[in-house]
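So this one's entry36.cif, mmCIF, C-alpha atoms:
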data_coords
loop_
_atom_site.label_atom_id
_atom_site.label_comp_id
_atom_site.auth_asym_id
_atom_site.auth_seq_id
_atom_site.Cartn_x
_atom_site.Cartn_y
_atom_site.Cartn_z
CA ILE A 137 -1.64 -3.76 -3.23
CA GLU A 138 -4.58 -4.12 -0.84
CA ALA A 139 -2.55 -6.47 1.36
CA ASP A 140 -0.24 -3.53 2.12
CA TRP A 141 -3.20 -1.58 3.55
CA ARG A 142 -3.86 -4.15 6.24
CA ALA A 143 -2.05 -4.60 9.53
CA ASN A 144 -2.60 -5.91 13.03
CA LEU A 145 -2.70 -3.39 15.87
CA THR A 146 -1.60 -5.08 19.10
CA LEU A 147 -2.13 -3.79 22.62
CA GLU A 148 0.06 -5.31 25.30
CA ALA A 149 -0.14 -4.86 29.07
CA GLU A 150 1.77 -6.25 32.02
CA ILE A 151 -0.29 -7.10 35.10
CA ARG A 152 1.74 -7.27 38.31
CA VAL A 153 0.35 -8.55 41.62
CA GLN A 154 2.19 -8.40 44.93
CA LEU A 155 1.08 -10.54 47.86
CA LYS A 156 2.17 -9.63 51.36
CA LYS A 157 2.07 -12.50 53.85
CA THR A 158 2.39 -11.81 57.56
CA VAL A 159 2.81 -14.66 60.09
CA ARG A 160 2.61 -13.80 63.80
CA THR A 161 3.81 -16.41 66.29
CA ASP A 162 2.98 -15.97 69.97
CA LEU A 163 6.03 -17.01 72.00
CA GLY A 164 4.57 -16.26 75.42
CA ASN A 165 6.49 -13.16 76.47
CA ARG A 166 6.88 -11.87 72.94
CA THR A 167 5.43 -12.13 69.43
CA ASP A 168 7.55 -13.09 66.44
CA VAL A 169 6.45 -11.47 63.16
CA ASP A 170 7.59 -12.86 59.81
CA VAL A 171 6.72 -10.84 56.66
CA THR A 172 7.24 -12.22 53.15
CA HIS A 173 6.39 -10.77 49.77
CA ARG A 174 5.56 -12.67 46.64
CA THR A 175 5.25 -10.98 43.26
CA GLU A 176 3.75 -12.44 40.12
CA SER A 177 3.28 -10.88 36.70
CA ARG A 178 1.41 -11.78 33.58
CA ASN A 179 1.70 -10.30 30.11
CA VAL A 180 -1.57 -10.07 28.20
CA SER A 181 -2.20 -8.85 24.68
CA ASP A 182 -4.97 -8.46 22.15
CA SER A 183 -4.87 -7.69 18.45
CA VAL A 184 -7.32 -6.13 16.04
CA ALA A 185 -7.10 -5.98 12.25
CA VAL A 186 -6.80 -2.40 10.96
CA GLU A 187 -6.50 -0.70 7.60
CA ILE A 188 -3.67 1.75 6.97
CA TYR A 189 -4.68 4.95 5.19
CA ASP A 190 -1.73 6.09 3.12
CA LEU A 191 -2.44 9.13 0.94
CA SER A 192 -0.25 8.68 -2.12
CA ALA A 193 -1.67 10.82 -4.92
CA SER A 194 -0.33 10.86 -8.48
CA PRO A 195 -0.82 14.12 -10.46
CA TYR A 196 -0.90 14.40 -14.25
CA TYR A 197 -0.84 17.69 -16.18
CA ALA A 198 -1.83 18.82 -19.65
CA GLU A 199 -2.01 22.11 -21.56
CA TYR A 200 -4.78 23.06 -23.99
CA PRO A 201 -4.17 25.19 -27.13
CA ASP A 202 -6.15 28.11 -25.66
CA GLY A 203 -3.87 28.25 -22.59
CA ASP A 204 -6.12 26.30 -20.21
CA ALA A 205 -4.49 23.73 -17.99
CA GLY A 206 -5.58 20.18 -17.40
CA VAL A 207 -5.02 18.40 -14.11
CA ALA A 208 -5.83 14.80 -13.23
CA ILE A 209 -5.06 13.24 -9.88
CA PHE A 210 -5.37 9.60 -8.90
CA GLN A 211 -5.49 8.22 -5.36
CA ALA A 212 -6.41 4.58 -4.81
CA ARG A 213 -8.22 5.17 -1.49
CA PRO A 214 -11.22 7.36 -0.66
CA TRP A 215 -10.08 10.99 -0.58
CA GLN A 216 -11.60 14.47 -0.48
CA GLY A 217 -10.13 16.18 -3.53
CA TYR A 218 -7.66 18.92 -4.39
CA THR A 219 -7.20 22.67 -4.69
CA LEU A 220 -5.69 24.29 -7.78
CA THR A 221 -4.57 27.66 -6.43
CA GLU A 222 -2.79 28.96 -3.36
CA ASP A 223 -5.89 30.69 -1.96
CA GLY A 224 -7.87 27.45 -2.31
CA ALA A 225 -10.71 29.15 -4.19
CA ALA A 226 -10.57 26.71 -7.13
CA ARG A 227 -11.10 23.19 -5.87
CA VAL A 228 -12.34 19.79 -6.92
CA ARG A 229 -14.07 17.11 -4.88
CA GLY A 230 -14.79 13.51 -5.71
CA ILE A 231 -17.79 11.50 -4.60
CA TRP A 232 -16.35 10.69 -1.17
CA ARG A 233 -17.49 12.38 2.04
CA PHE A 234 -16.61 11.34 5.60
CA TYR A 235 -18.22 11.01 9.01
CA THR A 236 -17.04 9.86 12.42
CA ALA A 237 -18.98 7.58 14.72
CA ARG A 238 -18.21 6.05 18.07
CA ASN A 239 -18.19 2.36 18.89
CA THR A 240 -21.12 1.96 21.30
CA ASN A 241 -19.60 -1.24 22.71
CA TRP A 242 -17.25 1.04 24.67
CA ASP A 243 -19.99 3.13 26.32
CA THR A 244 -19.81 1.01 29.48
CA LEU A 245 -17.20 -1.30 30.95
CA VAL A 246 -17.34 -4.01 33.60
CA ARG A 247 -14.95 -3.52 36.50
CA SER A 248 -14.36 -6.70 38.48
CA ASN A 249 -12.42 -7.93 41.46
CA ARG A 250 -12.34 -11.30 43.21
CA THR A 251 -15.73 -10.95 44.86
CA ASP A 252 -17.78 -8.42 42.89
CA SER A 253 -18.27 -6.65 39.57
CA ALA A 254 -19.90 -3.39 38.56
CA THR A 255 -20.79 -1.64 35.32
CA VAL A 256 -19.12 1.76 34.92
CA GLU A 257 -19.16 4.46 32.26
CA SER A 258 -16.15 4.32 29.99
CA ASP A 259 -13.69 7.19 29.81
CA ALA A 260 -12.43 5.91 26.46
CA ILE A 261 -14.84 6.31 23.56
CA PRO A 262 -13.07 5.24 20.34
CA VAL A 263 -14.37 6.83 17.13
CA TYR A 264 -13.87 5.66 13.59
CA VAL A 265 -13.71 7.64 10.33
CA HIS A 266 -15.99 6.24 7.64
CA ALA A 267 -15.98 7.13 3.94
CA TYR A 268 -19.25 7.11 2.03
CA PRO A 269 -20.33 8.04 -1.50
CA SER A 270 -22.37 11.24 -1.34
CA ARG A 271 -25.47 12.09 -3.38
CA ILE A 272 -23.82 15.46 -4.06
CA GLY A 273 -21.27 13.56 -6.13
CA PRO A 274 -18.11 14.89 -7.77
CA ARG A 275 -18.03 18.68 -8.16
CA ALA A 276 -15.74 21.55 -9.04
CA GLU A 277 -15.93 24.97 -7.38
CA PRO A 278 -16.55 27.81 -7.98
CA VAL A 279 -19.55 26.41 -9.83
CA ARG A 280 -19.96 28.99 -12.64
CA ASP A 281 -16.50 30.25 -13.51
CA GLY A 282 -14.30 27.66 -11.85
CA PRO A 283 -12.69 24.43 -13.06
CA GLU A 284 -14.60 22.20 -15.46
CA LEU A 285 -14.94 18.60 -14.33
CA ILE A 286 -14.07 16.56 -17.42
CA GLU A 287 -13.39 13.00 -16.25
CA ILE A 288 -13.63 10.65 -13.29
CA TRP A 289 -12.07 7.21 -12.95
CA GLY A 290 -13.12 4.43 -10.67
CA THR A 291 -15.15 1.27 -10.42
CA ASP A 292 -18.91 0.81 -10.43
CA ARG A 293 -20.37 -0.27 -7.12
CA PRO A 294 -23.84 -0.80 -5.67
CA SER A 295 -25.16 1.64 -3.10
CA PRO A 296 -24.02 0.86 0.48
CA VAL A 297 -27.19 2.44 1.92
CA GLY A 298 -28.27 -0.85 3.52
CA THR A 299 -25.04 -1.10 5.53
CA ILE A 300 -25.44 2.23 7.33
CA GLY A 301 -26.78 2.14 10.89
CA GLU A 302 -30.21 3.60 11.67
CA THR A 303 -28.72 6.35 13.83
CA ILE A 304 -26.45 7.64 11.03
CA ASN A 305 -28.00 10.46 8.98
CA ILE A 306 -25.90 11.18 5.87
CA ASP A 307 -26.60 12.05 2.23
CA ILE A 308 -25.46 8.67 0.89
CA VAL A 309 -26.16 7.58 -2.69
CA ASN A 310 -29.18 5.30 -3.00
CA GLN A 311 -28.23 3.79 -6.35
CA SER A 312 -25.10 2.39 -7.98
CA TYR A 313 -22.22 4.82 -8.27
CA THR A 314 -18.68 5.19 -9.63
CA THR A 315 -15.85 5.55 -7.14
CA THR A 316 -13.79 8.65 -7.85
CA TYR A 317 -10.27 7.40 -7.38
CA GLY A 318 -9.27 9.67 -10.23
CA VAL A 319 -10.64 13.15 -10.99
CA GLY A 320 -9.63 15.30 -13.98
CA VAL A 321 -10.45 18.98 -14.60
CA ARG A 322 -9.79 21.76 -17.06
CA ALA A 323 -9.15 25.21 -15.62
CA GLU A 324 -7.86 28.63 -16.63
CA ASP A 325 -5.64 29.02 -13.58
CA VAL A 326 -3.60 26.18 -12.10
CA ASP A 327 -0.66 26.77 -9.77
CA ARG A 328 1.33 23.53 -9.77
CA GLU A 329 3.41 24.64 -6.81
CA ALA A 330 0.28 25.30 -4.73
CA LEU A 331 -1.61 22.14 -5.74
CA HIS A 332 -2.88 20.56 -2.52
CA VAL A 333 -4.40 17.08 -2.24
CA ALA A 334 -6.60 16.30 0.77
CA GLY A 335 -7.28 12.83 2.12
CA ILE A 336 -9.48 11.96 5.09
#

Please express what this file holds, its structure, as structure tokens.
Amino acid sequence: IEADWRANLTLEAEIRVQLKKTVRTDLGNRTDVDVTHRTESRNVSDSVAVEIYDLSASPYYAEYPDGDAGVAIFQARPWQGYTLTEDGAARVRGIWRFYTARNTNWDTLVRSNRTDSATVESDAIPVYVHAYPSRIGPRAEPVRDGPELIEIWGTDRPSPVGTIGETINIDIVNQSYTTTYGVGVRAEDVDREALHVAGI
């Protein structure tokens, strides 16, 4: 399945150059001018490997003898969680939280011509969305009288704290954790028609 999440993003550009050549010939009493144009073009491209984020959640329902409802949702990529009612008051979150950060390699660019080059500030600052496991962990809200978190499914992983840059300040887990690809709750009020799953 993971192979389906990967793709190559390719940027292509056509560079066209036109050369104007003027030849002046002095013929004594007059000057003959001959103008020719020559055009050349080159196609250039570059590719980068990307991951496709496709939110494809699978819900499962159950009913308890006392009338409570059970809901379990599975999504094989990092995701935020889900709401159980139309007003969004009852909601569930997994361990995943998200932050965006820019690629500092794009802060400046080098602009060059045939004889000179200069460093200029970049107008394009690409940012990336990163998922990280939060110390807050999985939770259901409202805390006291809301849904009861009964089960999480995932795989055990070591803390990624050593892979985070020094300038990133997030509440990442500092010990091993369980990914929450699946989260199950028990709640008094579940509106199946209003169930909303949120990804990144």

Using the chain letters and numbers from this file, what does the PyMOL selection byres ((chain A and resi 182) around 7) select? Give the answer as an MDAnalysis selection string. chainID A and resid 146:148 181 183:184

Residues of range 177-214 of chain A that have any atom at most 12 Å from an atom of range 267-272 of chain A: could you tabulate them with the shortest-distance atom pair and the distance in Å to one decimal, using all atoms listed in the file, ordered by chain and increasing number, as CSV?
residue,atom,partner,partner_atom,distance
A:Tyr189,CA,A:Ala267,CA,11.6
A:Arg213,CA,A:Ala267,CA,9.7
A:Pro214,CA,A:Ala267,CA,6.6

Evaluating the PyMOL selection byres ((chain A and resi 266) around 8) on the displayed file yields which residues, as an mmCIF file with C-alpha atoms, in the coordinates of the input?
data_model
loop_
_atom_site.group_PDB
_atom_site.id
_atom_site.type_symbol
_atom_site.label_atom_id
_atom_site.label_comp_id
_atom_site.auth_asym_id
_atom_site.auth_seq_id
_atom_site.Cartn_x
_atom_site.Cartn_y
_atom_site.Cartn_z
ATOM 1 C CA PHE A 234 -16.610 11.340 5.600
ATOM 2 C CA TYR A 235 -18.220 11.010 9.010
ATOM 3 C CA THR A 236 -17.040 9.860 12.420
ATOM 4 C CA ALA A 237 -18.980 7.580 14.720
ATOM 5 C CA TYR A 264 -13.870 5.660 13.590
ATOM 6 C CA VAL A 265 -13.710 7.640 10.330
ATOM 7 C CA ALA A 267 -15.980 7.130 3.940
ATOM 8 C CA TYR A 268 -19.250 7.110 2.030
#

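Interatomic distance, CA of Pro283 in chain A to CA of Ile209 in chain A: 13.9 Å.
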
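Proximity to Asp292 in chain A at 7 Å, evaluated using only C-alpha atoms and with sequence-adjacent residues fewer than 6 positions away removed, yields A:Ser312, A:Tyr313, A:Thr314, A:Thr315.
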
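Of note, CA of Ala149 in chain A and CA of Ser177 in chain A are spaced 10.3 Å apart.
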
Sel. within 8 Å of pt (-28.7, 9.8, -0.7), counting only C-alpha atoms, output as a ChimeraX atom specification: /A:270-271,297,306-310

Evaluate the PyMOL selection byres ((chain A and resi 326) around 9) and record the selected residues as a PDB file with C-alpha atoms, in the frame of the given file, following the chain and residue labels used in the document.
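Saved result, result-v6.pdb, follows:
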ATOM      1  CA  ASP A 204      -6.120  26.300 -20.210  1.00  0.00           C
ATOM      2  CA  ALA A 205      -4.490  23.730 -17.990  1.00  0.00           C
ATOM      3  CA  GLY A 206      -5.580  20.180 -17.400  1.00  0.00           C
ATOM      4  CA  VAL A 207      -5.020  18.400 -14.110  1.00  0.00           C
ATOM      5  CA  THR A 219      -7.200  22.670  -4.690  1.00  0.00           C
ATOM      6  CA  LEU A 220      -5.690  24.290  -7.780  1.00  0.00           C
ATOM      7  CA  THR A 221      -4.570  27.660  -6.430  1.00  0.00           C
ATOM      8  CA  ALA A 226     -10.570  26.710  -7.130  1.00  0.00           C
ATOM      9  CA  ALA A 323      -9.150  25.210 -15.620  1.00  0.00           C
ATOM     10  CA  GLU A 324      -7.860  28.630 -16.630  1.00  0.00           C
ATOM     11  CA  ASP A 325      -5.640  29.020 -13.580  1.00  0.00           C
ATOM     12  CA  ASP A 327      -0.660  26.770  -9.770  1.00  0.00           C
ATOM     13  CA  ARG A 328       1.330  23.530  -9.770  1.00  0.00           C
ATOM     14  CA  GLU A 329       3.410  24.640  -6.810  1.00  0.00           C
ATOM     15  CA  ALA A 330       0.280  25.300  -4.730  1.00  0.00           C
ATOM     16  CA  LEU A 331      -1.610  22.140  -5.740  1.00  0.00           C
TER      17      LEU A 331
END

Residue with the minimum atom-to-atom distance to Val153 in chain A, picked from A:Pro294, A:Arg178, A:Arg166, A:Gly230 with only C-alpha atoms counted, is A:Arg178

Of A:Trp242, A:Tyr197, A:Trp232, A:Trp289, the one sitting nearest Phe210 in chain A when using all atoms listed in the file is A:Trp289

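You will find CA of Pro262 in chain A at 5.7 Å from CA of Arg238 in chain A.
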
Taking all atoms of range 244-249 of chain A that the file lists and extending 4 Å past them on each side, where is the centre of the axis-aligned box and how long are its edges? Answer in Å to one decimal, as lines of an AutoDock Vina configuration file.
center_x = -16.1
center_y = -3.5
center_z = 35.5
size_x = 15.4
size_y = 16.9
size_z = 20.0

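Closest approach to Ile151 in chain A from the set A:Val279, A:Ala193, A:Val180, A:Val319 is made by A:Val180, with distances taken over only C-alpha atoms.
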
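Counting only C-alpha atoms, the residue from A:Arg322, A:Gly217, A:Leu145, A:Gly301 that sits nearest to Arg233 in chain A is A:Gly217.
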
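Nearest-residue note for Asp190 in chain A: choosing from A:Thr251, A:Asn239, A:Ala143, A:Ala212, the minimum distance belongs to A:Ala212, counting all atoms listed in the file.
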
Counting all atoms listed in the file, the residue among A:Asn249, A:Ala225, A:Val333, A:Tyr218 that lies closest to Asp281 in chain A is A:Ala225

Select, counting all atoms listed in the file, all protein, DNA and RNA residues no farther than 12 Å from (-9.7, 3.8, 30.0) in file coordinates, and express the selection as a PyMOL selection string. chain A and resi 242-247+256-262

Neighbours of Arg174 in chain A within 10 Å (all atoms listed in the file; same-chain residues fewer than 3 positions away dropped), as an MDAnalysis selection string? chainID A and resid 153:157

Mind filling out range 284-308 of chain A with N, CA and C atoms and sending it as a PDB file, in the coordinates of the input?
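Listing of selection_33.pdb after writing:
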ATOM      1  N   GLU A 284     -13.591  23.048 -14.804  1.00  0.00           N
ATOM      2  CA  GLU A 284     -14.600  22.200 -15.460  1.00  0.00           C
ATOM      3  C   GLU A 284     -14.235  20.739 -15.215  1.00  0.00           C
ATOM      4  N   LEU A 285     -15.144  20.021 -14.608  1.00  0.00           N
ATOM      5  CA  LEU A 285     -14.940  18.600 -14.330  1.00  0.00           C
ATOM      6  C   LEU A 285     -15.089  17.838 -15.644  1.00  0.00           C
ATOM      7  N   ILE A 286     -14.018  17.199 -16.098  1.00  0.00           N
ATOM      8  CA  ILE A 286     -14.070  16.560 -17.420  1.00  0.00           C
ATOM      9  C   ILE A 286     -14.022  15.034 -17.366  1.00  0.00           C
ATOM     10  N   GLU A 287     -13.504  14.464 -16.286  1.00  0.00           N
ATOM     11  CA  GLU A 287     -13.390  13.000 -16.250  1.00  0.00           C
ATOM     12  C   GLU A 287     -13.250  12.504 -14.824  1.00  0.00           C
ATOM     13  N   ILE A 288     -13.864  11.352 -14.560  1.00  0.00           N
ATOM     14  CA  ILE A 288     -13.630  10.650 -13.290  1.00  0.00           C
ATOM     15  C   ILE A 288     -13.300   9.199 -13.617  1.00  0.00           C
ATOM     16  N   TRP A 289     -12.449   8.601 -12.777  1.00  0.00           N
ATOM     17  CA  TRP A 289     -12.070   7.210 -12.950  1.00  0.00           C
ATOM     18  C   TRP A 289     -12.360   6.444 -11.671  1.00  0.00           C
ATOM     19  N   GLY A 290     -12.835   5.257 -11.836  1.00  0.00           N
ATOM     20  CA  GLY A 290     -13.120   4.430 -10.670  1.00  0.00           C
ATOM     21  C   GLY A 290     -13.803   3.152 -11.100  1.00  0.00           C
ATOM     22  N   THR A 291     -14.420   2.501 -10.141  1.00  0.00           N
ATOM     23  CA  THR A 291     -15.150   1.270 -10.420  1.00  0.00           C
ATOM     24  C   THR A 291     -16.609   1.463 -10.039  1.00  0.00           C
ATOM     25  N   ASP A 292     -17.481   0.737 -10.716  1.00  0.00           N
ATOM     26  CA  ASP A 292     -18.910   0.810 -10.430  1.00  0.00           C
ATOM     27  C   ASP A 292     -19.246  -0.086  -9.242  1.00  0.00           C
ATOM     28  N   ARG A 293     -19.996   0.480  -8.314  1.00  0.00           N
ATOM     29  CA  ARG A 293     -20.370  -0.270  -7.120  1.00  0.00           C
ATOM     30  C   ARG A 293     -21.843  -0.047  -6.786  1.00  0.00           C
ATOM     31  N   PRO A 294     -22.459  -1.016  -6.115  1.00  0.00           N
ATOM     32  CA  PRO A 294     -23.840  -0.800  -5.670  1.00  0.00           C
ATOM     33  C   PRO A 294     -23.879   0.123  -4.461  1.00  0.00           C
ATOM     34  N   SER A 295     -25.017   0.731  -4.233  1.00  0.00           N
ATOM     35  CA  SER A 295     -25.160   1.640  -3.100  1.00  0.00           C
ATOM     36  C   SER A 295     -24.959   0.894  -1.774  1.00  0.00           C
ATOM     37  N   PRO A 296     -24.197   1.481  -0.837  1.00  0.00           N
ATOM     38  CA  PRO A 296     -24.020   0.860   0.480  1.00  0.00           C
ATOM     39  C   PRO A 296     -25.080   1.298   1.484  1.00  0.00           C
ATOM     40  N   VAL A 297     -26.198   1.857   1.007  1.00  0.00           N
ATOM     41  CA  VAL A 297     -27.190   2.440   1.920  1.00  0.00           C
ATOM     42  C   VAL A 297     -27.697   1.424   2.941  1.00  0.00           C
ATOM     43  N   GLY A 298     -27.775   0.166   2.594  1.00  0.00           N
ATOM     44  CA  GLY A 298     -28.270  -0.850   3.520  1.00  0.00           C
ATOM     45  C   GLY A 298     -27.307  -1.207   4.628  1.00  0.00           C
ATOM     46  N   THR A 299     -26.042  -0.768   4.515  1.00  0.00           N
ATOM     47  CA  THR A 299     -25.040  -1.100   5.530  1.00  0.00           C
ATOM     48  C   THR A 299     -24.864  -0.003   6.574  1.00  0.00           C
ATOM     49  N   ILE A 300     -25.564   1.113   6.411  1.00  0.00           N
ATOM     50  CA  ILE A 300     -25.440   2.230   7.330  1.00  0.00           C
ATOM     51  C   ILE A 300     -26.415   2.048   8.487  1.00  0.00           C
ATOM     52  N   GLY A 301     -25.938   2.293   9.708  1.00  0.00           N
ATOM     53  CA  GLY A 301     -26.780   2.140  10.890  1.00  0.00           C
ATOM     54  C   GLY A 301     -27.951   3.118  10.897  1.00  0.00           C
ATOM     55  N   GLU A 302     -29.005   2.776  11.627  1.00  0.00           N
ATOM     56  CA  GLU A 302     -30.210   3.600  11.670  1.00  0.00           C
ATOM     57  C   GLU A 302     -29.961   4.972  12.291  1.00  0.00           C
ATOM     58  N   THR A 303     -28.975   5.079  13.157  1.00  0.00           N
ATOM     59  CA  THR A 303     -28.720   6.350  13.830  1.00  0.00           C
ATOM     60  C   THR A 303     -27.813   7.286  13.026  1.00  0.00           C
ATOM     61  N   ILE A 304     -27.328   6.818  11.873  1.00  0.00           N
ATOM     62  CA  ILE A 304     -26.450   7.640  11.030  1.00  0.00           C
ATOM     63  C   ILE A 304     -27.298   8.339   9.977  1.00  0.00           C
ATOM     64  N   ASN A 305     -27.219   9.667   9.938  1.00  0.00           N
ATOM     65  CA  ASN A 305     -28.000  10.460   8.980  1.00  0.00           C
ATOM     66  C   ASN A 305     -27.036  11.182   8.034  1.00  0.00           C
ATOM     67  N   ILE A 306     -26.824  10.613   6.856  1.00  0.00           N
ATOM     68  CA  ILE A 306     -25.900  11.180   5.870  1.00  0.00           C
ATOM     69  C   ILE A 306     -26.563  11.152   4.498  1.00  0.00           C
ATOM     70  N   ASP A 307     -26.021  11.943   3.579  1.00  0.00           N
ATOM     71  CA  ASP A 307     -26.600  12.050   2.230  1.00  0.00           C
ATOM     72  C   ASP A 307     -25.976  11.014   1.294  1.00  0.00           C
ATOM     73  N   ILE A 308     -26.092   9.747   1.655  1.00  0.00           N
ATOM     74  CA  ILE A 308     -25.460   8.670   0.890  1.00  0.00           C
ATOM     75  C   ILE A 308     -26.222   8.374  -0.391  1.00  0.00           C
TER      76      ILE A 308
END
